[in-house]
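Q: Handing you a structure now.
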Amino acid sequence: MNRYKLLLFFLGVVLTVHAKVTLPSYFTNNMVVQQNTTLTIPGKTKAGKKVSVTVSWDNKKYITKADAKGTFQIEIPTPSAGGPYTITVSDGSPLTLKNVMAGEVWFCSGQSNMEMPVAGWGKVLNYEKEVAEAQYPSIRLLQVKKKMAYTPQEDIEVNSGGWNECSPATVAEFSSVAYFYARTLWKELNVPIGVIDCTWGGTPAEAWTSIASLGQVMGFQEETARMRKVNFDKDELKASYQEASEDWKKFMFNRDKGFREGKPQWISQLQATNEWKQMDLPGYWEGKGLGNFDGAVWFQKEIEIPAAWANQEMKLSLGMIDDEDITYYNGVEIAKGYRHNSPRVYTIPAASVKAGKGVITIRVTDFGGEGGIHGNPETLFAEANGQKIALSGAWNYRTGISLNELPSPPVSPESSGYPCVLYNGMVHALTSFPIKGAIWYQGEANVGRDKQYKHLFSTMIADWRKQWKEEFPFYFVQLANYLQRVEVQPESKWAALREAQAEALYLKNTGMAVTIDIGEAHDIHPKNKQEVARRLAIQALSKTYQKEITPDGPFYQTHSITGNTFLVSLDREVQATGTPKGFILAGPDGVYYPASAVIRGKEVILSSPQVEFPQAARYGWADNPECNLYGKDGLPVVPFRTDK
């Protein structure tokens, strides 16, 4: 062994002998520990080492010993709100955490509406002012890094080095709902507040649930059994997914009206039958007449190719397509595209470019959420010989097949929506860290699966409580109004998902922030996150902290029918901002019509000239209903239906 290698060897020995204990990534300077509880401090050191923990709030020394694997954990009682404190963990070489506060810790999770940062891609209302004024050293922020895992992990990864004091420098990329929630609690309670931002946009509830609990929910038994069978091996899961995906796509193609015996039928010439309609592109189709459609839609546009372009390569720029596309030109397949946010730029070979009519046909498949050909109008064009033809504007379209006609597509094991992967990678390790409660904003990714979500969501809440070993408060946001406004929409998938969310209120210690009045038709990420957080916070202030404040808007109680009038009784008085809106009424035929409403205290009297014998009423039952009924405290009436 030469001198250099010998030196490295001895340095390694010295560093190993004198290495400090290591703690989970969420034990850092500036952290908040939940007050008046028992804090578990896990860590690693050399096997058999004696480990001591000293906390400055009581100046006691707590001692334990690392096991044969070098792991240890020690339980420490936490004080009432206060600080700053220090926590020193030592195995002979001390590690000290500074500026530690005791207070209230809330776990804030969900998909993109909880993830949406104050600035960054979110840009909430008045975001520049909000960032500039976010100087709250008693509010502490911890952001969990996005991470998938097939088995539960013993630690998480964190952004920005761990816990940080809230400041203009730290809040801009942090969850806006979590921050505004913390700010409201801090102003009302005057104690340190810690919020944990554990979010991932576009993810369904099943990804956030442990396998033991998810395996008990209808629709997930087969996949969770498969995961166990292959011992969570990624390669085997991928192979299984590929096979299932190919089978599913074949099934879909065979039922798509645009195919016959596996061959596309609408690609050689411009279609002119009554089934074809027009849509202005670019733009998501949800706001352009297709509502909450998921599936395959065929688009066509005819352009006039100049003589100078003949036998020249032609570039086709199609903006971005959500999620997948097959693009044809004059009856010939040109390309296939994937990923919802990837620009589509294709080349048509020179031999295929002829002067005269050119027909572009695009089969777009969307598997959930927003769908269509989107982006800036300037990104849609055909180009050759130094000239461009704009492709934005009117396109013909026809639906090929709806996903409602098919079984659910398989989910890739590499997707953040795969069962259990976010619970494993982002939640599990934190279940030993005491929290006061959780707030949750999610559901968009489960729209269309309301019957399943009713059981899934309640199971996820119970699962988290089981993992934390604590029946903590759980407050959640009911989905906001979104998409094209339709006055009568009894088959609304968004309304059905909202009802499924509300089913979780049967669990004790839960609460729901209703946002049916503050959404935006063309933005799934409404900007008024301050009000969302306020409504969550008053749930906590009333139900957890016993403040004298009303947490909920009026709820439907019962109804009665007299002749052609339908009387709805709520649990308290209501009032409307203008003429009461948002009600629909149905007779014995089950067909709904807009209803006129007259408020009388806590009762609303409904009638409709189209409904002689009313049987059922609904309020706020649409993707984007116009709702203007509130309680005396200004909170909206909770959407409902009497024919549940």
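Identifiers in the structure tokens: chain A, B, ... in order shown; residue index from 1 per chain; ligand index from 1 in order shown.
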Got a sec: who's within 12 Å of Met227 in chain A, counting only C-alpha atoms, leaving out chain neighbours fewer than 4 positions off, as an MDAnalysis selection string?
A: chainID A and resid 150:151 211:212 214:215 220:223 231:238 240:241 413 418:421
Q: Those residues with N, CA, C and O atoms, as a CSV table (one decimal), in the first residue's frame please?
A:
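Everything below was put into part18.csv:
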chain,number,residue,atom,x,y,z
A,150,TYR,N,-41.3,2.2,-4.0
A,150,TYR,CA,-42.2,1.0,-4.1
A,150,TYR,C,-42.4,0.4,-2.7
A,150,TYR,O,-43.3,-0.5,-2.5
A,151,THR,N,-41.5,0.7,-1.8
A,151,THR,CA,-41.6,0.2,-0.4
A,151,THR,C,-41.4,1.4,0.6
A,151,THR,O,-40.8,2.4,0.2
A,211,ILE,N,-50.0,0.4,1.2
A,211,ILE,CA,-50.5,-0.7,0.5
A,211,ILE,C,-51.4,-1.6,1.4
A,211,ILE,O,-52.3,-2.2,0.9
A,212,ALA,N,-51.1,-1.6,2.7
A,212,ALA,CA,-51.9,-2.5,3.6
A,212,ALA,C,-53.4,-2.0,3.6
A,212,ALA,O,-54.3,-2.8,3.6
A,214,LEU,N,-54.7,0.3,1.2
A,214,LEU,CA,-55.2,0.4,-0.2
A,214,LEU,C,-55.7,-0.9,-0.7
A,214,LEU,O,-56.7,-1.0,-1.5
A,215,GLY,N,-55.1,-2.0,-0.3
A,215,GLY,CA,-55.5,-3.3,-0.8
A,215,GLY,C,-56.9,-3.7,-0.3
A,215,GLY,O,-57.5,-4.7,-0.8
A,220,PHE,N,-58.5,-1.9,-6.2
A,220,PHE,CA,-57.1,-1.9,-6.1
A,220,PHE,C,-56.6,-3.2,-5.6
A,220,PHE,O,-55.3,-3.4,-5.4
A,221,GLN,N,-57.4,-4.2,-5.4
A,221,GLN,CA,-57.0,-5.5,-4.8
A,221,GLN,C,-56.0,-6.1,-5.8
A,221,GLN,O,-55.0,-6.7,-5.4
A,222,GLU,N,-56.4,-6.1,-7.1
A,222,GLU,CA,-55.6,-6.8,-8.1
A,222,GLU,C,-54.2,-6.3,-8.2
A,222,GLU,O,-53.2,-7.0,-8.2
A,223,GLU,N,-54.1,-4.9,-8.3
A,223,GLU,CA,-52.8,-4.3,-8.5
A,223,GLU,C,-51.9,-4.4,-7.2
A,223,GLU,O,-50.7,-4.7,-7.3
A,231,ASN,N,-42.8,-8.9,-5.2
A,231,ASN,CA,-41.9,-8.4,-4.2
A,231,ASN,C,-41.5,-6.9,-4.5
A,231,ASN,O,-40.4,-6.5,-4.3
A,232,PHE,N,-42.4,-6.2,-5.2
A,232,PHE,CA,-42.2,-4.8,-5.5
A,232,PHE,C,-41.0,-4.5,-6.4
A,232,PHE,O,-40.4,-3.5,-6.4
A,233,ASP,N,-40.7,-5.5,-7.2
A,233,ASP,CA,-39.6,-5.4,-8.2
A,233,ASP,C,-40.1,-4.5,-9.3
A,233,ASP,O,-41.0,-4.8,-10.1
A,234,LYS,N,-39.3,-3.4,-9.5
A,234,LYS,CA,-39.7,-2.4,-10.5
A,234,LYS,C,-39.7,-3.0,-12.0
A,234,LYS,O,-40.7,-2.7,-12.7
A,235,ASP,N,-38.7,-3.8,-12.3
A,235,ASP,CA,-38.7,-4.3,-13.7
A,235,ASP,C,-39.9,-5.2,-14.0
A,235,ASP,O,-40.4,-5.2,-15.0
A,236,GLU,N,-40.2,-6.0,-13.0
A,236,GLU,CA,-41.4,-6.9,-13.2
A,236,GLU,C,-42.7,-6.2,-13.2
A,236,GLU,O,-43.6,-6.5,-14.0
A,237,LEU,N,-42.8,-5.1,-12.4
A,237,LEU,CA,-44.0,-4.3,-12.5
A,237,LEU,C,-44.1,-3.6,-13.8
A,237,LEU,O,-45.2,-3.4,-14.4
A,238,LYS,N,-42.9,-3.1,-14.4
A,238,LYS,CA,-43.0,-2.4,-15.7
A,238,LYS,C,-43.4,-3.4,-16.8
A,238,LYS,O,-44.1,-3.0,-17.7
A,240,SER,N,-45.2,-6.1,-16.5
A,240,SER,CA,-46.6,-6.3,-16.4
A,240,SER,C,-47.4,-5.2,-16.9
A,240,SER,O,-48.5,-5.4,-17.6
A,241,TYR,N,-47.0,-4.0,-16.6
A,241,TYR,CA,-47.7,-2.8,-17.1
A,241,TYR,C,-47.7,-2.7,-18.6
A,241,TYR,O,-48.7,-2.4,-19.3
A,413,PRO,N,-45.9,1.9,-13.5
A,413,PRO,CA,-45.2,2.0,-12.2
A,413,PRO,C,-44.2,3.1,-12.1
A,413,PRO,O,-43.7,3.5,-11.0
A,418,TYR,N,-49.0,6.0,-9.5
A,418,TYR,CA,-49.1,4.6,-9.2
A,418,TYR,C,-49.4,4.3,-7.7
A,418,TYR,O,-49.0,5.1,-6.8
A,419,PRO,N,-50.1,3.3,-7.4
A,419,PRO,CA,-50.5,3.1,-6.0
A,419,PRO,C,-49.4,3.1,-5.0
A,419,PRO,O,-48.3,2.4,-5.3
A,420,CYS,N,-49.6,3.8,-4.0
A,420,CYS,CA,-48.7,3.8,-2.8
A,420,CYS,C,-47.4,4.5,-2.9
A,420,CYS,O,-46.7,4.7,-1.9
A,421,VAL,N,-46.9,4.8,-4.1
A,421,VAL,CA,-45.5,5.3,-4.3
A,421,VAL,C,-45.2,6.6,-3.6
A,421,VAL,O,-44.1,6.8,-3.1
Q: Using DSSP assignments from the backbone, pull out every residue in range 2-210 of chain A that falls under strand (DSSP E) and give it to me as a PyMOL selection string.
A: chain A and resi 32-34+38-44+50-55+60-65+71-77+82-90+94-110+136-143+164-166+193-199
Q: Tell me, as a list in words, which residues lie within 6 Å of range 268-277 of chain A, counting only C-alpha atoms; anything in the same chain fewer than 5 positions away does not count.
A: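 What passes the distance filter is Asn330, Gly331, Asn396, Tyr397 and Arg398 of chain A.
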Q: Would you please work out which residue, of A:Gly553, A:Gly319, A:Pro152, A:Gly110, is nearest to Met460 in chain A when using only C-alpha atoms?
A: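 So, comparing all the options, the nearest one is A:Gly110.
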Q: If we count only C-alpha atoms, what is near Ala521 in chain A at a cut-off of 9 Å, once residues fewer than 3 positions away on the same chain are taken out, given as a VMD selection string?
A: chain A and resid 287 481 to 485 524 526 623 to 624
Q: Within 9 Å of range 119-129 of chain A, counting only C-alpha atoms, which residues qualify if same-chain residues fewer than 6 places away don't, as an NGL selection string?
A: :A and (113 or 171-174 or 176 or 525-530)
Q: May I have the residues within 10 Å of Asn424 in chain A as a list of chain:residue names, using only C-alpha atoms and disregarding those fewer than 5 positions away in the same chain?
A: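 Within the cut-off, the hits are A:Lys147, A:Met148, A:Ala149, A:Tyr150, A:Thr151, A:Pro152, A:Gln153, A:Glu154, A:Asp155, A:Ile156, A:Ala207, A:Trp208, A:Thr209, A:Ser210, A:Ile211, A:Pro419, A:Ala429.
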Q: For those residues, write N, CA and C atoms to a file as a PDB file, in the first residue's frame.
A:
ATOM      1  N   LYS A 147     -40.596  12.391  -4.374  1.00  0.00           N
ATOM      2  CA  LYS A 147     -39.867  11.123  -4.442  1.00  0.00           C
ATOM      3  C   LYS A 147     -40.858   9.967  -4.463  1.00  0.00           C
ATOM      4  N   MET A 148     -40.685   9.054  -5.407  1.00  0.00           N
ATOM      5  CA  MET A 148     -41.487   7.838  -5.473  1.00  0.00           C
ATOM      6  C   MET A 148     -40.691   6.675  -4.893  1.00  0.00           C
ATOM      7  N   ALA A 149     -41.407   5.721  -4.301  1.00  0.00           N
ATOM      8  CA  ALA A 149     -40.749   4.515  -3.800  1.00  0.00           C
ATOM      9  C   ALA A 149     -41.770   3.383  -3.793  1.00  0.00           C
ATOM     10  N   TYR A 150     -41.296   2.175  -4.016  1.00  0.00           N
ATOM     11  CA  TYR A 150     -42.184   1.009  -4.063  1.00  0.00           C
ATOM     12  C   TYR A 150     -42.360   0.351  -2.704  1.00  0.00           C
ATOM     13  N   THR A 151     -41.501   0.706  -1.767  1.00  0.00           N
ATOM     14  CA  THR A 151     -41.624   0.216  -0.394  1.00  0.00           C
ATOM     15  C   THR A 151     -41.447   1.402   0.551  1.00  0.00           C
ATOM     16  N   PRO A 152     -41.982   1.333   1.754  1.00  0.00           N
ATOM     17  CA  PRO A 152     -41.882   2.458   2.697  1.00  0.00           C
ATOM     18  C   PRO A 152     -40.431   2.800   3.024  1.00  0.00           C
ATOM     19  N   GLN A 153     -40.103   4.086   2.940  1.00  0.00           N
ATOM     20  CA  GLN A 153     -38.753   4.572   3.200  1.00  0.00           C
ATOM     21  C   GLN A 153     -38.622   5.086   4.629  1.00  0.00           C
ATOM     22  N   GLU A 154     -37.433   4.944   5.182  1.00  0.00           N
ATOM     23  CA  GLU A 154     -37.205   5.370   6.563  1.00  0.00           C
ATOM     24  C   GLU A 154     -36.848   6.843   6.681  1.00  0.00           C
ATOM     25  N   ASP A 155     -36.624   7.492   5.543  1.00  0.00           N
ATOM     26  CA  ASP A 155     -36.346   8.931   5.573  1.00  0.00           C
ATOM     27  C   ASP A 155     -36.931   9.555   4.312  1.00  0.00           C
ATOM     28  N   ILE A 156     -37.121  10.849   4.351  1.00  0.00           N
ATOM     29  CA  ILE A 156     -37.561  11.611   3.192  1.00  0.00           C
ATOM     30  C   ILE A 156     -36.402  12.450   2.686  1.00  0.00           C
ATOM     31  N   ALA A 207     -52.132   7.052  -4.641  1.00  0.00           N
ATOM     32  CA  ALA A 207     -50.672   7.147  -4.558  1.00  0.00           C
ATOM     33  C   ALA A 207     -50.210   7.551  -3.165  1.00  0.00           C
ATOM     34  N   TRP A 208     -51.117   8.146  -2.385  1.00  0.00           N
ATOM     35  CA  TRP A 208     -50.787   8.658  -1.056  1.00  0.00           C
ATOM     36  C   TRP A 208     -51.201   7.699   0.062  1.00  0.00           C
ATOM     37  N   THR A 209     -51.617   6.488  -0.290  1.00  0.00           N
ATOM     38  CA  THR A 209     -52.155   5.542   0.681  1.00  0.00           C
ATOM     39  C   THR A 209     -51.231   4.335   0.805  1.00  0.00           C
ATOM     40  N   SER A 210     -51.093   3.788   2.001  1.00  0.00           N
ATOM     41  CA  SER A 210     -50.209   2.631   2.198  1.00  0.00           C
ATOM     42  C   SER A 210     -50.823   1.390   1.570  1.00  0.00           C
ATOM     43  N   ILE A 211     -49.990   0.445   1.210  1.00  0.00           N
ATOM     44  CA  ILE A 211     -50.463  -0.748   0.513  1.00  0.00           C
ATOM     45  C   ILE A 211     -51.375  -1.599   1.387  1.00  0.00           C
ATOM     46  N   PRO A 419     -50.136   3.304  -7.402  1.00  0.00           N
ATOM     47  CA  PRO A 419     -50.543   3.068  -6.018  1.00  0.00           C
ATOM     48  C   PRO A 419     -49.381   3.065  -5.034  1.00  0.00           C
ATOM     49  N   ALA A 429     -42.020   8.069   6.315  1.00  0.00           N
ATOM     50  CA  ALA A 429     -40.945   8.412   7.254  1.00  0.00           C
ATOM     51  C   ALA A 429     -41.384   9.459   8.270  1.00  0.00           C
TER      52      ALA A 429
END
Q: Could you please write out, as a PyMOL selection string, every residue of range 203-259 of chain A that DSSP assigns to alpha helix (DSSP H)?
A: chain A and resi 211-214+221-229+234-255
Q: Which of these, A:Lys249, A:Arg498, A:Lys547, A:Arg260, has the shortest distance to Val638 in chain A once you count only C-alpha atoms?
A: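 Answer, going by the shortest atom-to-atom distance: A:Arg498.
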Q: Excluding Ser112 in chain A and residues on its chain fewer than 6 positions from it, collect all residues at most 7 Å away from it, counting only C-alpha atoms, and give them as a PyMOL selection string.
A: chain A and resi 200-202
Q: What does the file look like for those residues with C-alpha atoms, as a PDB file, in the first residue's frame?
A:
ATOM      1  CA  TRP A 200     -47.222  16.473  -5.985  1.00  0.00           C
ATOM      2  CA  GLY A 201     -49.386  17.885  -8.776  1.00  0.00           C
ATOM      3  CA  GLY A 202     -51.672  15.641 -10.808  1.00  0.00           C
TER       4      GLY A 202
END
Q: Between CA of Thr40 in chain A and CA of Pro24 in chain A, what is the distance in Å, rounded to a tenth?
A: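 About the pair CA of Thr40 in chain A and CA of Pro24 in chain A: they are 11.1 Å apart.
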Q: So how many Å separate CA of Ala66 in chain A and CA of Trp468 in chain A, to one decimal?
A: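 Between CA of Ala66 in chain A and CA of Trp468 in chain A the gap works out to 23.4 Å.
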Q: Considering only C-alpha atoms, can you say which of A:Pro594, A:Gly443, A:Gly425, A:Gly631 comes closest to Glu157 in chain A?
A: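 Among the listed residues, the smallest separation from Glu157 in chain A belongs to A:Gly425.
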Q: What is the distance, in Å and to one decimal place, between CA of Tyr593 in chain A and CA of Ala616 in chain A?
A: 10.7 Å
Q: For range 418-480 of chain A versus range 98-105 of chain A, which residues have an atom no more than 12 Å away, and what is each residue's nearest atom pair and distance in Å rounded to one decimal, using only C-alpha atoms, chain-then-number order, as CSV?
A:
residue,atom,partner,partner_atom,distance
A:Leu430,CA,A:Val105,CA,11.9
A:Phe433,CA,A:Val105,CA,9.6
A:Pro434,CA,A:Val105,CA,7.7
A:Ile435,CA,A:Val105,CA,5.0
A:Lys436,CA,A:Val105,CA,5.4
A:Gly437,CA,A:Val105,CA,7.2
A:Ala438,CA,A:Val105,CA,8.8
A:Ile439,CA,A:Val105,CA,11.0
A:Phe472,CA,A:Val105,CA,11.3
A:Pro473,CA,A:Val105,CA,11.7
Q: Go through A:Glu548, A:Asp325, A:Asp197, A:Asp294 and flag the residue nearest Met114 in chain A, using only C-alpha atoms for the distances.
A: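 So, comparing all the options, the nearest one is A:Asp197.
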Q: Looking at only C-alpha atoms, which of A:Leu97, A:Met252, A:Ala239, A:Val191 is the one that sits closest to Phe367 in chain A?
A: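 The closest residue to Phe367 in chain A is A:Met252.
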Q: Which is closest to Asn404 in chain A among A:Pro343, A:Gly356, A:Gly620, A:Gly295, if we use only C-alpha atoms?
A: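 Ranked by minimum distance to Asn404 in chain A, first place goes to A:Gly295.
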